[in-house]
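One structure is given here, and the rest of the page talks about it.
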Amino acid sequence: MSSWGELLGREHRASVIVMAGGVALYATNVYLTTSLLPNAVSDIGGEELYSWTMTVFLVASVISSMLVSRSLARFGARASYSAGFLGFAAGTVVAAASPTMVVMLVGRGLQGLAAGLLAGLGFAVVRTVLPAHLWQRAIALMSAMWGVGNVIGPVVGGFFAQLGLWRGAFVLLAAISLALVALTFRALPSRGGEDSAADPVPWISLALLTSTAAAVSVASIVDGVAMVVLLGVAALTAAAFIVYERSAPDSVLPAMTYSGRSPLRWIYLSIIVLAVVSTVETFIPLFGQRIGGLSPLAAGFLGAAISWGWTIASIWSSGVDTDRMRRVVRVAGPIVLGGGLGVYALLQLADPSGPVIAGWYIALLVAGCGIGMAMAHWFTAGMRVSTDDAEATQASAGLNTSQLIANAFGSALAGVLVSLGGDDIVSSARILGFGFAAIALLAVVVAFREFAAARAWRSEKVDA
């Protein structure tokens with residue numbers, strides 16, 4: 001049996017802080033930047049490039065997330081994390097010192113490259129720095145950091161913006177990143193895996209997947225026909241990526257992803273579905289202000305309700321340690337998520353009363369619990385899918401890449417669903433809620449496919 005006391009005890013505390021800190025920096029930076037950008041634009045100009053601050057960061061993070069396993073193999077955990085934290089600090093300093101929006105975008109690109117690496121390293125390094133019985137709690141803690149970032153980011157960013165010192169928020173992030181560098185040298189091993197250190201970079205796969213991420217990211221900031229065309233381009237490049245990877249000599253994802261009975265593809269797909277649905281929070285504050293007449297702060301907390309539920313359920317479900325209960329949680333999660341979003345959609349009414357608005361908070365909190373209780377267990381399932389260290393490290397890195405790609409696609413899909421409501425904001429909220437609820441329930445089907453594939457995979461290994 002594992003316990004939080006053991007995970008956070010003297011022996012493992014430093015390494016756990018480094019792994020959780022990498023994910024927390026990524027998540028906090030996303031929400032912090034969103035909250036202070038209006039002030040930055042009023043100071044340095046460049047309003048026409050406003051949307052690109054997220055697009056550049058997202059595409060850069062997707063690129064680096066696909067190189068996690070190779071970075072670990074070639075340089076080891078200590079050097080990889082140090083490079084990530086130092087790169088993040090450098091990009092953050094550039095953003096803080098930006099005299100123009102163009103320079104800001106350069107800093108955001110550097111941040112993204114480092115953040116994508118940091119967000120993925122934890123899920124790969126945990127296998128080597130912690131005993132197997134602590135993996136589930138460690139994954140739950142790292143998963144919970146997304147929720148923590150959604151709460152802390154807007155608070156910190158809003159505080160510095162309120163003081164007229166938006167650059168100070170970036171300086172604070174850079175200082176935290178440098179402090180984590182010092183801790184990394186004490187906490188993590190330095191040696192890489194010599195056997196796979198010479199693996200070449202899969203440039204074609206990276207180009208195809210990066211094109212997918214770029215097309216989806218740009219689709220989220222345009223309207224009408226252009227959005228549809230870009231989503232079509234993203235679908236085609238994603239399909240080309242899968243076709244190429246199946247026979248590529250050098251691939252981003254492990255070869256077992258495409259093996260006939262491997263459960264890994266279904267694990268990735270489950271994470272993608274949950275991550276796509278989690279992006280519903282992008283529009284929740286807008287609906288809170290436009291439909292409920294909430295203040296920006298109250299509407300922000302409405303959006304954060306999903307993250308609170310995510311964090312609570314991640315921690316709560318980490319104690320599940322039997323295979324049967326893990327399967328139950330992985331199925332129950334998307335059901336709870338879909339149910340919460342369905343109730344939220346039903347409660348979208350013109351001129352809502354106080355109890356109805358309270359119902360929004362409760363429904364979104366429940367929906368977040370559905371994500372939290374399932375997501376961490378899918379990550380752990382991906383880590384356990386292979387006993388080969390090199391293959392397991394590559395599979396673990398692919399988990400994070402899947403989540404980041406899904407975040408990009410989900411944001412664009414949310415924009416499409418909202419646009420279907422036209423000028424009626426209540427209809428837009430209902431369409432988004434019901435649409436994402438339906439997508440969430442697809443994860444139930446995927447879960448049962450994974451269970452069947454896992455049984456067949458184990459039987460195949462036994463027969464071999």
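By convention here, the chains of the structure tokens are called A, B, ... in the order presented, each chain's residues are numbered starting at 1, and ligands are numbered starting at 1 in the order presented.
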
For Trp146 in chain A, list every protein, DNA or RNA residue within 9 Å, evaluated using only C-alpha atoms, and leave out those in the same chain fewer than 2 positions away; present the list as an MDAnalysis selection string. chainID A and resid 23:24 26:28 142:144 148:151 307 310:311

If you count only C-alpha atoms, which residues fall within 10 Å of Gly122 in chain A, apart from same-chain ones fewer than 2 positions away, as a PyMOL selection string? chain A and resi 15-16+18-23+68+77+81+117-120+124-127+129+138-139+142+396-397+400

Can I get the selected residues back with N, CA and C atoms, as a PDB file, in the first residue's frame?
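Output file result.pdb follows:
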```pdb
ATOM      1  N   SER A  15      12.413  15.089  -5.371  1.00  0.00           N
ATOM      2  CA  SER A  15      12.119  14.687  -6.743  1.00  0.00           C
ATOM      3  C   SER A  15      10.653  14.918  -7.080  1.00  0.00           C
ATOM      4  N   VAL A  16       9.760  14.699  -6.120  1.00  0.00           N
ATOM      5  CA  VAL A  16       8.332  14.929  -6.353  1.00  0.00           C
ATOM      6  C   VAL A  16       8.060  16.416  -6.585  1.00  0.00           C
ATOM      7  N   VAL A  18      10.119  18.579  -7.884  1.00  0.00           N
ATOM      8  CA  VAL A  18      10.615  18.913  -9.217  1.00  0.00           C
ATOM      9  C   VAL A  18       9.610  18.485 -10.282  1.00  0.00           C
ATOM     10  N   MET A  19       9.117  17.245 -10.184  1.00  0.00           N
ATOM     11  CA  MET A  19       8.175  16.741 -11.202  1.00  0.00           C
ATOM     12  C   MET A  19       6.869  17.510 -11.187  1.00  0.00           C
ATOM     13  N   ALA A  20       6.303  17.713  -9.995  1.00  0.00           N
ATOM     14  CA  ALA A  20       5.052  18.464  -9.897  1.00  0.00           C
ATOM     15  C   ALA A  20       5.268  19.931 -10.268  1.00  0.00           C
ATOM     16  N   GLY A  21       6.439  20.464  -9.918  1.00  0.00           N
ATOM     17  CA  GLY A  21       6.745  21.858 -10.231  1.00  0.00           C
ATOM     18  C   GLY A  21       6.805  22.122 -11.719  1.00  0.00           C
ATOM     19  N   GLY A  22       7.313  21.157 -12.493  1.00  0.00           N
ATOM     20  CA  GLY A  22       7.366  21.333 -13.940  1.00  0.00           C
ATOM     21  C   GLY A  22       5.983  21.471 -14.540  1.00  0.00           C
ATOM     22  N   VAL A  23       5.054  20.614 -14.111  1.00  0.00           N
ATOM     23  CA  VAL A  23       3.679  20.685 -14.613  1.00  0.00           C
ATOM     24  C   VAL A  23       3.000  21.956 -14.112  1.00  0.00           C
ATOM     25  N   VAL A  68      10.604  14.347 -25.523  1.00  0.00           N
ATOM     26  CA  VAL A  68      10.903  14.041 -24.120  1.00  0.00           C
ATOM     27  C   VAL A  68      11.717  12.772 -23.975  1.00  0.00           C
ATOM     28  N   ALA A  77      17.789  12.604 -16.731  1.00  0.00           N
ATOM     29  CA  ALA A  77      16.725  13.377 -16.088  1.00  0.00           C
ATOM     30  C   ALA A  77      17.220  14.723 -15.578  1.00  0.00           C
ATOM     31  N   TYR A  81      15.720  18.195 -17.156  1.00  0.00           N
ATOM     32  CA  TYR A  81      14.927  19.106 -16.322  1.00  0.00           C
ATOM     33  C   TYR A  81      15.617  20.459 -16.183  1.00  0.00           C
ATOM     34  N   LEU A 117       8.505  20.417 -22.667  1.00  0.00           N
ATOM     35  CA  LEU A 117       9.458  19.446 -22.135  1.00  0.00           C
ATOM     36  C   LEU A 117       9.181  19.176 -20.659  1.00  0.00           C
ATOM     37  N   LEU A 118       8.975  20.228 -19.886  1.00  0.00           N
ATOM     38  CA  LEU A 118       8.730  20.067 -18.448  1.00  0.00           C
ATOM     39  C   LEU A 118       7.444  19.304 -18.161  1.00  0.00           C
ATOM     40  N   ALA A 119       6.390  19.585 -18.924  1.00  0.00           N
ATOM     41  CA  ALA A 119       5.113  18.930 -18.683  1.00  0.00           C
ATOM     42  C   ALA A 119       5.174  17.446 -18.961  1.00  0.00           C
ATOM     43  N   GLY A 120       6.037  17.052 -19.915  1.00  0.00           N
ATOM     44  CA  GLY A 120       6.142  15.638 -20.262  1.00  0.00           C
ATOM     45  C   GLY A 120       7.161  14.865 -19.468  1.00  0.00           C
ATOM     46  N   ALA A 124       7.444  10.644 -17.525  1.00  0.00           N
ATOM     47  CA  ALA A 124       8.439   9.670 -17.948  1.00  0.00           C
ATOM     48  C   ALA A 124       9.464   9.386 -16.840  1.00  0.00           C
ATOM     49  N   VAL A 125       9.845  10.417 -16.106  1.00  0.00           N
ATOM     50  CA  VAL A 125      10.871  10.277 -15.066  1.00  0.00           C
ATOM     51  C   VAL A 125      10.350   9.535 -13.835  1.00  0.00           C
ATOM     52  N   VAL A 126       9.054   9.634 -13.569  1.00  0.00           N
ATOM     53  CA  VAL A 126       8.495   9.023 -12.363  1.00  0.00           C
ATOM     54  C   VAL A 126       8.803   7.535 -12.287  1.00  0.00           C
ATOM     55  N   ARG A 127       8.932   6.883 -13.427  1.00  0.00           N
ATOM     56  CA  ARG A 127       9.220   5.446 -13.437  1.00  0.00           C
ATOM     57  C   ARG A 127      10.607   5.130 -12.901  1.00  0.00           C
ATOM     58  N   VAL A 129      12.505   7.302 -10.738  1.00  0.00           N
ATOM     59  CA  VAL A 129      12.884   7.908  -9.463  1.00  0.00           C
ATOM     60  C   VAL A 129      11.994   7.488  -8.300  1.00  0.00           C
ATOM     61  N   ALA A 138       1.850   9.782  -7.405  1.00  0.00           N
ATOM     62  CA  ALA A 138       2.662  10.807  -8.052  1.00  0.00           C
ATOM     63  C   ALA A 138       1.967  11.343  -9.305  1.00  0.00           C
ATOM     64  N   ILE A 139       1.386  10.434 -10.101  1.00  0.00           N
ATOM     65  CA  ILE A 139       0.649  10.862 -11.290  1.00  0.00           C
ATOM     66  C   ILE A 139      -0.551  11.709 -10.897  1.00  0.00           C
ATOM     67  N   MET A 142       0.676  15.194 -10.049  1.00  0.00           N
ATOM     68  CA  MET A 142       1.020  15.973 -11.240  1.00  0.00           C
ATOM     69  C   MET A 142      -0.234  16.355 -12.016  1.00  0.00           C
ATOM     70  N   SER A 396       5.284   6.728 -22.068  1.00  0.00           N
ATOM     71  CA  SER A 396       4.939   7.730 -21.060  1.00  0.00           C
ATOM     72  C   SER A 396       5.007   9.134 -21.635  1.00  0.00           C
ATOM     73  N   ALA A 397       6.032   9.396 -22.446  1.00  0.00           N
ATOM     74  CA  ALA A 397       6.147  10.713 -23.072  1.00  0.00           C
ATOM     75  C   ALA A 397       4.985  10.965 -24.024  1.00  0.00           C
ATOM     76  N   ASN A 400       1.713  12.642 -22.530  1.00  0.00           N
ATOM     77  CA  ASN A 400       1.659  14.100 -22.433  1.00  0.00           C
ATOM     78  C   ASN A 400       1.444  14.741 -23.794  1.00  0.00           C
TER      79      ASN A 400
END
```

Two-atom distance - CA of Leu286 in chain A, CA of Ala169 in chain A (Å):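 About the pair CA of Leu286 in chain A and CA of Ala169 in chain A: they are 23.9 Å apart.
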
Compile the contact shell of Leu264 in chain A as a VMD selection string: residues with an atom at most 8 Å away, counting only C-alpha atoms, same-chain residues fewer than 3 positions apart removed. chain A and resid 256 to 257 267 to 268 382 385 395 450

Which residues are close to Gly91 in chain A, i.e. within 6 Å by only C-alpha atoms, leaving aside same-chain residues fewer than 4 positions away? Reply as a ChimeraX atom specification. /A:107,110-111

Dump as a JSON list (two decimals), in the first residue's frame, selection limited to all heavy atoms:
```json
[["chain", "number", "residue", "atom", "x", "y", "z"],
["A", 107, "GLY", "N", 9.51, 35.43, -26.66],
["A", 107, "GLY", "CA", 9.56, 34.90, -25.31],
["A", 107, "GLY", "C", 8.56, 33.78, -25.09],
["A", 107, "GLY", "O", 8.87, 32.76, -24.47],
["A", 110, "LEU", "N", 9.89, 30.57, -26.62],
["A", 110, "LEU", "CA", 10.90, 29.95, -25.77],
["A", 110, "LEU", "C", 10.24, 29.28, -24.55],
["A", 110, "LEU", "O", 10.62, 28.18, -24.15],
["A", 110, "LEU", "CB", 11.91, 31.00, -25.31],
["A", 110, "LEU", "CG", 12.84, 31.56, -26.39],
["A", 110, "LEU", "CD1", 13.68, 32.70, -25.82],
["A", 110, "LEU", "CD2", 13.74, 30.47, -26.95],
["A", 111, "GLN", "N", 9.27, 29.98, -23.97],
["A", 111, "GLN", "CA", 8.52, 29.39, -22.86],
["A", 111, "GLN", "C", 7.86, 28.08, -23.28],
["A", 111, "GLN", "O", 7.90, 27.08, -22.55],
["A", 111, "GLN", "CB", 7.42, 30.35, -22.39],
["A", 111, "GLN", "CG", 7.87, 31.45, -21.45],
["A", 111, "GLN", "CD", 6.65, 32.22, -20.93],
["A", 111, "GLN", "OE1", 5.69, 32.46, -21.66],
["A", 111, "GLN", "NE2", 6.70, 32.61, -19.67]]
```

Taking only C-alpha atoms into account, name the residue in A:Tyr258, A:Trp135, A:Trp52, A:Trp266 that is nearest to Val445 in chain A.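 Closest to Val445 in chain A of all the choices is A:Trp266.
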
From A:Ala437, A:Leu178, A:Leu72, A:Met145, residue lying nearest Ala89 in chain A [only C-alpha atoms]: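 Closest to Ala89 in chain A, using only C-alpha atoms: A:Leu178.
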